[in-house]
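K.L.:
Supplied structure: coords_27.txt, compact mmCIF, C-alpha atoms and all ligand atoms.
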```txt
# COMPACT_ATOMS: atom_id res chain seq x y z
CA MET A 1 -1.71 -8.43 29.00
CA SER A 2 -0.23 -6.36 31.83
CA MET A 3 -0.51 -2.59 31.73
CA THR A 4 2.21 -0.22 30.61
CA GLU A 5 2.24 3.38 31.79
CA ILE A 6 3.02 5.69 28.85
CA LEU A 7 4.14 9.28 29.45
CA ILE A 8 4.51 11.61 26.45
CA GLN A 9 5.47 15.20 27.09
CA LYS A 10 7.99 17.74 25.84
CA GLY A 11 10.73 18.25 28.42
CA ILE A 12 9.56 15.37 30.64
CA LEU A 13 13.10 13.99 31.07
CA LYS A 14 14.02 17.18 32.93
CA ASN A 15 10.94 16.99 35.14
CA SER A 16 10.92 15.62 38.72
CA PHE A 17 7.81 13.70 37.70
CA PHE A 18 10.07 11.50 35.56
CA THR A 19 12.38 10.76 38.52
CA GLN A 20 9.34 9.93 40.62
CA ALA A 21 7.92 7.55 38.00
CA LEU A 22 11.24 5.69 37.92
CA SER A 23 11.68 5.48 41.68
CA ASN A 24 8.21 3.97 41.93
CA LEU A 25 9.62 0.95 40.11
CA GLY A 26 12.75 0.19 42.13
CA ALA A 27 15.96 1.44 43.64
CA ARG A 28 18.74 0.17 41.38
CA PHE A 29 18.76 0.85 37.65
CA ALA A 30 20.82 -0.54 34.78
CA VAL A 31 20.70 1.75 31.75
CA ILE A 32 21.38 0.37 28.27
CA MET A 33 22.20 2.88 25.54
CA ASP A 34 24.16 2.90 22.31
CA GLU A 35 27.31 5.05 22.38
CA THR A 36 25.76 7.92 20.39
CA VAL A 37 22.74 8.20 22.66
CA ALA A 38 25.00 7.86 25.73
CA SER A 39 27.14 10.79 24.58
CA LEU A 40 24.01 12.94 24.17
CA TYR A 41 21.73 11.89 27.02
CA ARG A 42 23.70 10.24 29.84
CA PRO A 43 24.07 13.60 31.68
CA LEU A 44 20.31 14.12 31.59
CA LEU A 45 19.70 10.82 33.35
CA GLN A 46 22.52 11.47 35.81
CA ASN A 47 20.66 14.62 36.86
CA THR A 48 17.97 12.42 38.42
CA HIS A 49 20.49 11.36 41.13
CA LEU A 50 19.04 7.86 41.08
CA ASP A 51 21.30 4.81 41.48
CA LEU A 52 22.09 4.29 37.78
CA THR A 53 24.79 2.18 36.11
CA PHE A 54 25.35 2.70 32.38
CA PHE A 55 26.09 -0.01 29.81
CA THR A 56 26.80 0.92 26.21
CA PHE A 57 27.30 -0.75 22.85
CA PRO A 58 28.16 0.51 19.32
CA PRO A 59 25.19 2.13 17.54
CA GLY A 60 23.38 0.54 14.62
CA GLU A 61 21.41 -2.49 13.51
CA LYS A 62 24.61 -4.57 13.35
CA SER A 63 24.65 -4.52 17.17
CA LYS A 64 21.21 -6.10 17.46
CA THR A 65 22.64 -9.59 17.91
CA ARG A 66 22.84 -12.47 20.37
CA ARG A 67 26.50 -11.55 20.82
CA THR A 68 25.74 -8.00 22.05
CA LYS A 69 22.99 -9.40 24.26
CA GLU A 70 25.40 -11.86 25.86
CA TYR A 71 28.06 -9.17 26.28
CA LEU A 72 25.63 -6.82 28.04
CA GLU A 73 24.20 -9.61 30.23
CA ASP A 74 27.70 -10.54 31.40
CA GLN A 75 28.39 -6.87 32.15
CA LEU A 76 25.19 -6.72 34.23
CA PHE A 77 26.20 -9.82 36.23
CA SER A 78 29.73 -8.52 36.76
CA CYS A 79 28.24 -5.36 38.31
CA GLY A 80 26.09 -7.45 40.66
CA PHE A 81 22.71 -6.85 39.04
CA ASP A 82 20.04 -9.39 39.94
CA ARG A 83 16.33 -10.02 39.73
CA GLY A 84 15.46 -6.92 41.74
CA CYS A 85 16.91 -4.43 39.27
CA VAL A 86 15.09 -2.19 36.81
CA LEU A 87 16.46 -2.19 33.27
CA ILE A 88 16.11 1.07 31.36
CA SER A 89 16.58 0.92 27.59
CA MET A 90 17.10 4.40 26.19
CA GLY A 91 17.59 4.99 22.47
CA GLY A 92 16.23 3.98 19.10
CA GLY A 93 14.45 0.78 18.09
CA VAL A 94 17.69 -1.19 18.15
CA THR A 95 18.28 -0.40 21.83
CA LEU A 96 14.64 -1.02 22.76
CA ASP A 97 14.48 -4.38 20.92
CA LEU A 98 17.79 -5.48 22.43
CA GLY A 99 17.33 -4.05 25.93
CA GLY A 100 13.72 -5.22 26.08
CA PHE A 101 14.84 -8.76 25.19
CA ILE A 102 17.54 -8.66 27.88
CA ALA A 103 14.91 -7.52 30.40
CA ALA A 104 12.66 -10.42 29.32
CA THR A 105 15.29 -13.08 30.01
CA PHE A 106 17.69 -11.63 32.61
CA CYS A 107 17.11 -13.69 35.79
CA ARG A 108 13.90 -14.86 34.04
CA GLY A 109 12.63 -11.30 33.66
CA VAL A 110 13.18 -7.94 35.35
CA SER A 111 11.22 -4.68 35.26
CA SER A 112 11.70 -2.95 31.94
CA VAL A 113 11.52 0.79 31.12
CA PHE A 114 11.73 2.25 27.61
CA ILE A 115 12.87 5.78 26.82
CA PRO A 116 12.67 5.99 23.01
CA THR A 117 14.78 8.74 21.44
CA THR A 118 14.11 8.30 17.70
CA LEU A 119 10.85 9.10 15.94
CA LEU A 120 10.68 5.48 14.79
CA ALA A 121 11.03 4.16 18.32
CA MET A 122 8.43 6.61 19.68
CA VAL A 123 5.76 5.93 17.07
CA ASP A 124 6.36 2.20 16.74
CA ALA A 125 9.14 0.14 18.38
CA ALA A 126 8.41 1.19 21.98
CA ILE A 127 4.79 0.06 21.78
CA GLY A 128 3.48 -3.49 21.87
CA GLY A 129 6.08 -5.57 23.70
CA LYS A 130 7.90 -7.13 20.74
CA THR A 131 11.59 -7.55 21.56
CA ALA A 132 14.19 -9.34 19.45
CA VAL A 133 17.66 -9.70 18.01
CA ASN A 134 18.69 -10.55 14.45
CA THR A 135 20.49 -13.68 13.30
CA PRO A 136 22.46 -14.43 10.12
CA TYR A 137 19.25 -16.13 8.91
CA GLY A 138 17.11 -13.02 9.14
CA LYS A 139 15.75 -10.15 11.20
CA ASN A 140 14.15 -10.42 14.64
CA LEU A 141 14.21 -14.21 14.57
CA ILE A 142 15.03 -14.65 18.28
CA GLY A 143 12.97 -12.69 20.75
CA ALA A 144 10.08 -12.50 23.15
CA PHE A 145 6.87 -10.63 23.79
CA TYR A 146 7.64 -8.65 26.96
CA LEU A 147 5.96 -5.41 27.96
CA PRO A 148 7.81 -2.61 29.71
CA LYS A 149 6.25 -1.26 32.90
CA LEU A 150 6.88 2.33 31.87
CA ILE A 151 7.53 4.18 28.60
CA VAL A 152 8.67 7.81 28.70
CA MET A 153 8.75 9.85 25.50
CA ASP A 154 10.26 13.31 25.38
CA PRO A 155 9.80 14.84 21.89
CA ASP A 156 12.69 17.22 22.73
CA CYS A 157 15.04 14.25 22.14
CA LEU A 158 14.14 14.50 18.45
CA ASP A 159 15.97 17.84 18.21
CA THR A 160 19.31 16.02 18.02
CA LEU A 161 18.11 13.40 15.54
CA PRO A 162 19.74 13.56 12.07
CA GLU A 163 17.36 14.26 9.17
CA HIS A 164 17.71 10.78 7.64
CA GLU A 165 16.71 9.19 10.97
CA HIS A 166 13.67 11.45 11.08
CA ARG A 167 12.74 10.26 7.59
CA SER A 168 13.20 6.66 8.73
CA GLY A 169 10.59 7.23 11.47
CA MET A 170 8.24 8.79 8.95
CA ALA A 171 8.15 5.43 7.11
CA GLU A 172 6.30 3.89 10.06
CA VAL A 173 4.02 6.94 10.31
CA ILE A 174 3.18 6.52 6.61
CA LYS A 175 2.54 2.82 7.30
CA TYR A 176 -0.16 3.80 9.83
CA ALA A 177 -1.59 6.28 7.31
CA LEU A 178 -1.77 3.68 4.55
CA THR A 179 -3.23 0.88 6.66
CA LEU A 180 -5.32 2.63 9.30
CA ASP A 181 -5.74 6.39 9.24
CA PRO A 182 -4.77 8.60 6.27
CA THR A 183 -5.48 11.79 8.28
CA ILE A 184 -2.41 11.15 10.41
CA LEU A 185 -0.27 12.78 7.71
CA GLU A 186 -2.05 16.09 8.30
CA ILE A 187 -0.73 16.30 11.87
CA THR A 188 2.21 18.71 11.89
CA GLU A 189 2.88 19.02 15.61
CA LYS A 190 5.41 16.38 16.74
CA GLU A 191 3.91 15.62 20.14
CA LYS A 192 0.42 15.21 18.66
CA LEU A 193 1.71 12.98 15.86
CA ILE A 194 3.49 10.71 18.35
CA GLN A 195 0.42 10.60 20.56
CA ARG A 196 -1.85 9.60 17.67
CA CYS A 197 0.52 6.86 16.47
CA VAL A 198 0.84 5.50 20.01
CA GLU A 199 -2.96 5.49 20.29
CA LEU A 200 -3.39 3.63 16.99
CA LYS A 201 -0.78 0.99 17.75
CA SER A 202 -1.85 0.51 21.38
CA GLN A 203 -5.41 -0.14 20.30
CA ILE A 204 -4.36 -2.82 17.83
CA VAL A 205 -1.97 -4.43 20.31
CA GLN A 206 -4.69 -4.52 22.95
CA GLU A 207 -6.95 -6.41 20.59
CA ASP A 208 -4.29 -8.80 19.31
CA TYR A 209 -1.16 -8.83 21.46
CA LEU A 210 0.29 -12.07 20.08
CA GLU A 211 -0.27 -11.14 16.43
CA ASN A 212 -2.74 -13.81 15.44
CA GLY A 213 -4.96 -11.44 13.47
CA LYS A 214 -5.34 -7.68 13.36
CA ARG A 215 -1.80 -6.84 14.48
CA ARG A 216 -0.49 -8.45 11.29
CA MET A 217 -1.61 -5.40 9.32
CA LEU A 218 1.24 -3.46 10.97
CA ASN A 219 3.60 -5.71 9.04
CA PHE A 220 2.53 -3.97 5.84
CA GLY A 221 5.72 -3.27 3.85
CA HIS A 222 7.79 -5.37 6.24
CA THR A 223 7.84 -8.73 4.40
CA ILE A 224 9.76 -7.15 1.53
CA GLY A 225 11.35 -4.45 3.74
CA HIS A 226 12.94 -6.90 6.19
CA ALA A 227 14.25 -9.00 3.31
CA ILE A 228 15.85 -5.89 1.77
CA GLU A 229 17.49 -4.96 5.09
CA ALA A 230 18.96 -8.44 5.49
CA LEU A 231 20.11 -8.68 1.84
CA GLU A 232 21.79 -5.26 2.16
CA GLY A 233 23.61 -6.45 5.31
CA TYR A 234 21.75 -3.75 7.33
CA ALA A 235 23.51 -0.98 5.40
CA VAL A 236 20.15 0.69 4.71
CA SER A 237 18.04 2.12 7.53
CA HIS A 238 14.94 0.26 8.68
CA GLY A 239 12.66 3.07 7.52
CA ASP A 240 14.25 3.40 4.08
CA ALA A 241 13.88 -0.36 3.55
CA ILE A 242 10.26 -0.28 4.74
CA ALA A 243 9.48 2.60 2.35
CA VAL A 244 10.66 0.49 -0.60
CA GLY A 245 8.93 -2.56 0.91
CA MET A 246 5.63 -0.67 1.10
CA LEU A 247 5.86 0.41 -2.54
CA ILE A 248 6.66 -3.10 -3.78
CA GLU A 249 3.85 -4.57 -1.66
CA CYS A 250 1.52 -1.88 -3.08
CA LEU A 251 2.52 -2.93 -6.59
CA MET A 252 1.80 -6.56 -5.67
CA SER A 253 -1.60 -5.38 -4.36
CA CYS A 254 -2.17 -3.75 -7.78
CA GLU A 255 -1.15 -7.00 -9.52
CA LEU A 256 -3.76 -8.86 -7.48
CA GLY A 257 -6.39 -6.40 -8.72
CA TYR A 258 -7.08 -4.68 -5.38
CA LEU A 259 -5.22 -1.37 -5.33
CA ASN A 260 -5.97 0.95 -8.24
CA LYS A 261 -3.32 2.88 -10.17
CA ARG A 262 -4.54 6.28 -8.98
CA SER A 263 -4.15 5.33 -5.32
CA PHE A 264 -0.77 3.81 -6.07
CA SER A 265 0.41 7.08 -7.68
CA HIS A 266 -0.73 8.96 -4.63
CA ILE A 267 1.22 6.62 -2.33
CA PHE A 268 4.28 6.91 -4.59
CA ASN A 269 4.06 10.72 -4.32
CA ILE A 270 3.76 10.59 -0.52
CA LEU A 271 6.94 8.53 -0.26
CA THR A 272 8.92 10.56 -2.80
CA SER A 273 7.86 13.84 -1.16
CA HIS A 274 9.44 12.60 2.08
CA GLY A 275 12.71 12.07 0.22
CA PHE A 276 13.04 8.29 0.62
CA PRO A 277 15.84 6.94 -1.58
CA LEU A 278 13.96 4.50 -3.78
CA GLU A 279 16.80 3.03 -5.86
CA ILE A 280 17.55 -0.55 -4.93
CA SER A 281 20.86 -2.34 -5.37
CA PRO A 282 21.39 -5.17 -7.90
CA LYS A 283 21.26 -7.59 -4.92
CA ILE A 284 17.51 -7.06 -4.66
CA THR A 285 16.40 -9.61 -7.24
CA GLN A 286 13.24 -11.68 -7.30
CA GLN A 287 15.25 -14.83 -6.49
CA ASN A 288 17.19 -13.30 -3.58
CA LEU A 289 14.05 -11.77 -2.13
CA LEU A 290 12.16 -15.06 -2.32
CA SER A 291 14.93 -17.00 -0.58
CA GLN A 292 15.31 -14.32 2.11
CA ILE A 293 11.55 -14.13 2.66
CA ALA A 294 11.49 -17.90 3.21
CA PHE A 295 13.33 -17.28 6.52
CA ASP A 296 10.83 -14.72 7.74
CA LYS A 297 9.08 -15.91 10.88
CA LYS A 298 5.84 -14.45 9.57
CA GLY A 299 6.11 -16.78 6.59
CA SER A 300 6.25 -15.69 2.98
CA ARG A 301 3.03 -13.69 3.17
CA PHE A 302 2.27 -10.01 2.84
CA ILE A 303 -0.52 -7.57 3.69
CA VAL A 304 -2.53 -6.57 0.64
CA LEU A 305 -3.70 -2.96 0.41
CA LYS A 306 -7.15 -2.24 -0.99
CA ASP A 307 -6.95 1.51 -0.81
CA ILE A 308 -5.25 4.22 1.22
CA GLY A 309 -6.21 3.47 4.82
CA GLU A 310 -7.73 0.08 4.01
CA VAL A 311 -6.19 -3.39 3.95
CA VAL A 312 -7.89 -6.33 2.22
CA SER A 313 -7.77 -8.60 5.25
CA THR A 314 -5.34 -9.57 7.95
CA ASN A 315 -5.11 -12.99 6.34
CA CYS A 316 -2.02 -12.11 4.38
CA HIS A 317 -1.50 -13.23 0.79
CA GLU A 318 1.32 -15.54 -0.32
CA VAL A 319 4.21 -13.81 -2.13
CA THR A 320 4.31 -15.76 -5.39
CA SER A 321 7.24 -15.52 -7.76
CA GLU A 322 4.99 -14.30 -10.64
CA ILE A 323 3.45 -11.42 -8.68
CA LEU A 324 6.79 -10.41 -7.20
CA GLU A 325 8.47 -10.45 -10.61
CA ARG A 326 5.82 -8.24 -12.19
CA ALA A 327 5.89 -5.85 -9.23
CA LEU A 328 9.70 -5.61 -9.39
CA ASP A 329 9.56 -4.90 -13.13
CA THR A 330 7.10 -2.04 -12.60
CA TYR A 331 9.15 -0.79 -9.65
CA ALA A 332 12.29 -0.69 -11.82
CA GLU A 333 10.46 1.29 -14.54
CA LEU A 334 9.10 3.78 -12.01
CA THR A 335 12.34 4.41 -10.17
CA CYS A 336 14.28 4.77 -13.47
CA LYS A 337 12.00 7.67 -14.37
CA THR A 338 12.49 9.56 -11.08
N1 LIG B 1 9.68 -3.93 18.41
C1 LIG B 1 8.95 -3.36 17.49
O1 LIG B 1 7.71 -3.40 17.51
C2 LIG B 1 9.63 -2.60 16.37
C3 LIG B 1 8.87 -1.82 15.49
C4 LIG B 1 9.53 -1.10 14.49
C5 LIG B 1 10.90 -1.19 14.38
N2 LIG B 1 11.61 -1.98 15.24
C6 LIG B 1 13.07 -2.07 15.15
O2 LIG B 1 13.62 -0.78 15.38
C7 LIG B 1 14.91 -0.74 14.76
C8 LIG B 1 15.10 0.59 14.07
O3 LIG B 1 14.99 1.62 15.01
P1 LIG B 1 15.71 3.02 14.83
O4 LIG B 1 15.50 3.51 13.46
O5 LIG B 1 15.30 3.86 15.96
O6 LIG B 1 17.26 2.61 14.87
P2 LIG B 1 18.46 2.85 15.90
O7 LIG B 1 18.10 2.42 17.26
O8 LIG B 1 19.65 2.22 15.28
O9 LIG B 1 18.63 4.44 15.90
C9 LIG B 1 19.07 5.07 14.73
C10 LIG B 1 20.32 5.93 14.96
O10 LIG B 1 19.94 7.12 15.64
C11 LIG B 1 20.81 7.37 16.73
N3 LIG B 1 20.02 8.10 17.72
C12 LIG B 1 19.03 7.61 18.50
N4 LIG B 1 18.43 8.60 19.15
C13 LIG B 1 19.05 9.74 18.81
C14 LIG B 1 18.87 11.10 19.13
N5 LIG B 1 17.86 11.49 19.93
N6 LIG B 1 19.70 12.02 18.61
C15 LIG B 1 20.68 11.64 17.75
N7 LIG B 1 20.89 10.36 17.37
C16 LIG B 1 20.08 9.43 17.88
C17 LIG B 1 21.29 6.01 17.15
O11 LIG B 1 22.53 6.10 17.81
C18 LIG B 1 21.40 5.29 15.81
O12 LIG B 1 22.63 5.57 15.22
C19 LIG B 1 14.99 -1.92 13.83
O13 LIG B 1 15.84 -2.89 14.39
C20 LIG B 1 13.57 -2.45 13.78
O14 LIG B 1 13.51 -3.83 13.56
C21 LIG B 1 10.99 -2.66 16.24
```
How does this structure look as structure tokens?
P.N.:
Amino acid sequence: MSMTEILIQKGILKNSFFTQALSNLGARFAVIMDETVASLYRPLLQNTHLDLTFFTFPPGEKSKTRRTKEYLEDQLFSCGFDRGCVLISMGGGVTLDLGGFIAATFCRGVSSVFIPTTLLAMVDAAIGGKTAVNTPYGKNLIGAFYLPKLIVMDPDCLDTLPEHEHRSGMAEVIKYALTLDPTILEITEKEKLIQRCVELKSQIVQEDYLENGKRRMLNFGHTIGHAIEALEGYAVSHGDAIAVGMLIECLMSCELGYLNKRSFSHIFNILTSHGFPLEISPKITQQNLLSQIAFDKKGSRFIVLKDIGEVVSTNCHEVTSEILERALDTYAELTCKT
């Protein structure tokens, strides 16, 4: 696994150190951003006076497709970009997954730089080299493992982030708390929180880059969460879907006799106190979930939680129709009451 340099510092994007770190990588830069991020942060990058060309696409999960990838690749070729370029992906997880995948395949791979601008992208998507696009058959089904050479995180970017996007990032923070380190939720300072999450994920990725063992635990909540996102046509945010996914997978862990009710209540309170919308649409039935999960590249398995901060094993458990049905029934009762 090649090394990635990770810089995390408030205000770093305005610092000459940032310009220097980029110019160490090359002379010509293609920058991929969604339109929202471009309207907010293009001027900041232009201030570096590096040779940058900007390429944009409409914001949102619906853009994370082979079609957008092809469109951006053709734009890069039409502007004369080749193997010697550096590709900067600046934005949320959608931009990083998409831009990182373009970097992996453009002229068989060019230098990649990530500048995450959402909490979710800083604490999770930027780390670990997973890149992908969605297909009509499911999420992240086409992609590659490809590490960026440099990741630059400026917590100041979070000042412009809407509240619901902040909450979405907190879903992945809560995932780390529930699977690895419950104390993470006590960290109130943004920069420290990001740093700790990056540390936790980097360590796991170092041990299991290709996700054959330990890294699977970071998929906690994602078997059900990804299926919900796809069934909802990506109309719910990734984090909101993962929050519901974590609760349903916790209920399945209870059904299997591992997680006790007291710990479950505590987890439920953590998620409700962060304001996650927990109602699910009538589309989220046992049958629809099972057929959607069947397309998941991870298979129809999920991470079982033993207690807060402890998973049963990284050998995930099969999602059976009986367990899922009972978990969905309990979930419906719980969310009716709130
Ligand atoms: N590769 C991985 O390991 C990994 C891990 C977790 C999630 N993901 C992926 O990440 C994606 C979700 O990421 P996301 O939640 O960041 O979504 P996103 O990239 O769609 O960003 C969310 C929204 O915030 C806007 N935005 C971004 N930065 C902003 C800022 N600083 N100020 C104001 N608005 C800003 C964007 O324009 C967008 O509308 C999903 O596709 C998920 O599959 C990947």
K.L.:
So that I can check the surroundings of A:Phe114, please list as number ranges by chain every protein, DNA and RNA residue that reaches within 8 Å of it, counting all atoms listed in the file and ignoring chain neighbours fewer than 4 positions away.
P.N.:
A: 88-90, 96, 100, 126, 148, 150-152
K.L.:
Just checking: using all atoms listed in the file, which residue out of A:Phe302, A:Phe106, A:Tyr71, A:Tyr41 ends up closest to ligand LIG 1 (chain B)?
P.N.:
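Nearest candidate to ligand LIG 1 (chain B) out of A:Phe302, A:Phe106, A:Tyr71, A:Tyr41: A:Tyr41.
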K.L.:
Calculated over all atoms listed in the file, which of the candidates A:Pro136, A:Gly239, A:Gly11, A:Pro162 has the smallest distance to A:Gln292?
P.N.:
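Using all atoms listed in the file, A:Gln292 sits closest to A:Pro136.
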K.L.:
Return as number ranges by chain the residues of protein, DNA or RNA that approach ligand LIG 1 (chain B) to within 7 Å, with all atoms listed in the file taken into account.
P.N.:
A: 34-37, 59-61, 64, 91-95, 97, 117-121, 124-131, 140, 157-162, 165, 168-169, 237-239
K.L.:
Would you list the residues near (28.1, -5.0, 29.8) (no more than 10 Å away, in the coordinates of the file, using only C-alpha atoms) as a JSON list (two decimals) with C-alpha atoms, in the frame of the given file?
P.N.:
```
[["chain", "number", "residue", "atom", "x", "y", "z"],
["A", 30, "ALA", "CA", 20.82, -0.54, 34.78],
["A", 32, "ILE", "CA", 21.38, 0.37, 28.27],
["A", 54, "PHE", "CA", 25.35, 2.70, 32.38],
["A", 55, "PHE", "CA", 26.09, -0.01, 29.81],
["A", 56, "THR", "CA", 26.80, 0.92, 26.21],
["A", 57, "PHE", "CA", 27.30, -0.75, 22.85],
["A", 68, "THR", "CA", 25.74, -8.00, 22.05],
["A", 69, "LYS", "CA", 22.99, -9.40, 24.26],
["A", 70, "GLU", "CA", 25.40, -11.86, 25.86],
["A", 71, "TYR", "CA", 28.06, -9.17, 26.28],
["A", 72, "LEU", "CA", 25.63, -6.82, 28.04],
["A", 73, "GLU", "CA", 24.20, -9.61, 30.23],
["A", 74, "ASP", "CA", 27.70, -10.54, 31.40],
["A", 75, "GLN", "CA", 28.39, -6.87, 32.15],
["A", 76, "LEU", "CA", 25.19, -6.72, 34.23],
["A", 77, "PHE", "CA", 26.20, -9.82, 36.23],
["A", 78, "SER", "CA", 29.73, -8.52, 36.76],
["A", 79, "CYS", "CA", 28.24, -5.36, 38.31]]
```
K.L.:
Report the distance between atom CA of A:Ile184 and atom CA of A:Ile267 in Å, rounded to one decimal place.
P.N.:
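Atom-to-atom, atom CA of A:Ile184 and atom CA of A:Ile267 are spaced 14.0 Å apart.
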K.L.:
Record the distance separating atom CA of A:Leu178 and atom CA of A:Cys250, expressed in Å with one decimal.
P.N.:
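We find that atom CA of A:Leu178 and atom CA of A:Cys250 lie 10.0 Å from each other.
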K.L.:
List the neighbours of A:Met153 out to 9 Å using all atoms listed in the file; skip same-chain residues closer than 4 positions along the sequence, and give me the result as JSON, numbers by chain.
P.N.:
{"A": [6, 7, 8, 9, 10, 12, 13, 114, 115, 116, 117, 122, 157, 194]}
K.L.:
Which of these, A:Gln20, A:Thr223, A:Ser263, A:Gln287, has the shortest distance to A:Ile303 once you count all atoms listed in the file?
P.N.:
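Selected residue with least distance to A:Ile303: A:Thr223.
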K.L.:
Report as a PyMOL selection string all protein, DNA and RNA residues lying within 12 Å of A:Thr330, evaluated on only C-alpha atoms, omitting residues in the same chain fewer than 2 positions from it.
P.N.:
chain A and resi 247-252+254-255+261+264+323-328+332-337
K.L.:
How would the residues just picked look written out with C-alpha atoms as a PDB file, keeping the file's coordinate frame?
P.N.:
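In the end it all went to part_35.pdb:
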```
ATOM      1  CA  LEU A 247       5.860   0.410  -2.540  1.00  0.00           C
ATOM      2  CA  ILE A 248       6.660  -3.100  -3.780  1.00  0.00           C
ATOM      3  CA  GLU A 249       3.850  -4.570  -1.660  1.00  0.00           C
ATOM      4  CA  CYS A 250       1.520  -1.880  -3.080  1.00  0.00           C
ATOM      5  CA  LEU A 251       2.520  -2.930  -6.590  1.00  0.00           C
ATOM      6  CA  MET A 252       1.800  -6.560  -5.670  1.00  0.00           C
ATOM      7  CA  CYS A 254      -2.170  -3.750  -7.780  1.00  0.00           C
ATOM      8  CA  GLU A 255      -1.150  -7.000  -9.520  1.00  0.00           C
ATOM      9  CA  LYS A 261      -3.320   2.880 -10.170  1.00  0.00           C
ATOM     10  CA  PHE A 264      -0.770   3.810  -6.070  1.00  0.00           C
ATOM     11  CA  ILE A 323       3.450 -11.420  -8.680  1.00  0.00           C
ATOM     12  CA  LEU A 324       6.790 -10.410  -7.200  1.00  0.00           C
ATOM     13  CA  GLU A 325       8.470 -10.450 -10.610  1.00  0.00           C
ATOM     14  CA  ARG A 326       5.820  -8.240 -12.190  1.00  0.00           C
ATOM     15  CA  ALA A 327       5.890  -5.850  -9.230  1.00  0.00           C
ATOM     16  CA  LEU A 328       9.700  -5.610  -9.390  1.00  0.00           C
ATOM     17  CA  ALA A 332      12.290  -0.690 -11.820  1.00  0.00           C
ATOM     18  CA  GLU A 333      10.460   1.290 -14.540  1.00  0.00           C
ATOM     19  CA  LEU A 334       9.100   3.780 -12.010  1.00  0.00           C
ATOM     20  CA  THR A 335      12.340   4.410 -10.170  1.00  0.00           C
ATOM     21  CA  CYS A 336      14.280   4.770 -13.470  1.00  0.00           C
ATOM     22  CA  LYS A 337      12.000   7.670 -14.370  1.00  0.00           C
TER      23      LYS A 337
END
```
K.L.:
Measuring between only C-alpha atoms, which one of A:Ser39, A:Thr135, A:Phe29, A:Cys316 shows the shortest distance to A:Arg67?
P.N.:
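Looking only at the distances to A:Arg67, the closest residue turns out to be A:Thr135.
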K.L.:
Determine the nearest neighbour of A:Gly221 from the options A:Lys62, A:Lys139, A:Lys190, A:Arg301, counting only C-alpha atoms.
P.N.:
A:Arg301
K.L.:
Saving stretch 120-129 of chain A with N, CA, C and O atoms, as a compact mmCIF listing (two decimals), in the first residue's frame, what would that file be?
P.N.:
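Result file is part.txt:
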```
# COMPACT_ATOMS: atom_id res chain seq x y z
N LEU A 120 -18.62 14.26 6.46
CA LEU A 120 -18.62 12.85 6.09
C LEU A 120 -17.37 12.48 5.28
O LEU A 120 -16.73 11.46 5.50
N ALA A 121 -17.02 13.36 4.35
CA ALA A 121 -15.86 13.07 3.50
C ALA A 121 -14.57 13.16 4.31
O ALA A 121 -13.63 12.40 4.08
N MET A 122 -14.51 14.08 5.29
CA MET A 122 -13.29 14.21 6.10
C MET A 122 -13.11 13.00 7.01
O MET A 122 -12.02 12.46 7.11
N VAL A 123 -14.18 12.59 7.68
CA VAL A 123 -14.01 11.52 8.66
C VAL A 123 -14.00 10.13 8.02
O VAL A 123 -13.57 9.17 8.64
N ASP A 124 -14.49 10.03 6.79
CA ASP A 124 -14.63 8.69 6.22
C ASP A 124 -14.21 8.57 4.75
O ASP A 124 -13.21 7.93 4.43
N ALA A 125 -14.96 9.22 3.84
CA ALA A 125 -14.79 8.91 2.40
C ALA A 125 -13.39 9.19 1.87
O ALA A 125 -12.93 8.52 0.95
N ALA A 126 -12.71 10.18 2.44
CA ALA A 126 -11.38 10.54 1.91
C ALA A 126 -10.32 9.49 2.24
O ALA A 126 -9.29 9.40 1.57
N ILE A 127 -10.59 8.69 3.28
CA ILE A 127 -9.56 7.78 3.79
C ILE A 127 -9.77 6.36 3.27
O ILE A 127 -10.89 5.84 3.31
N GLY A 128 -8.71 5.73 2.80
CA GLY A 128 -8.79 4.29 2.55
C GLY A 128 -8.82 3.85 1.11
O GLY A 128 -8.82 2.65 0.82
N GLY A 129 -8.88 4.81 0.17
CA GLY A 129 -8.69 4.46 -1.24
C GLY A 129 -9.85 3.78 -1.94
O GLY A 129 -9.69 3.31 -3.06
```
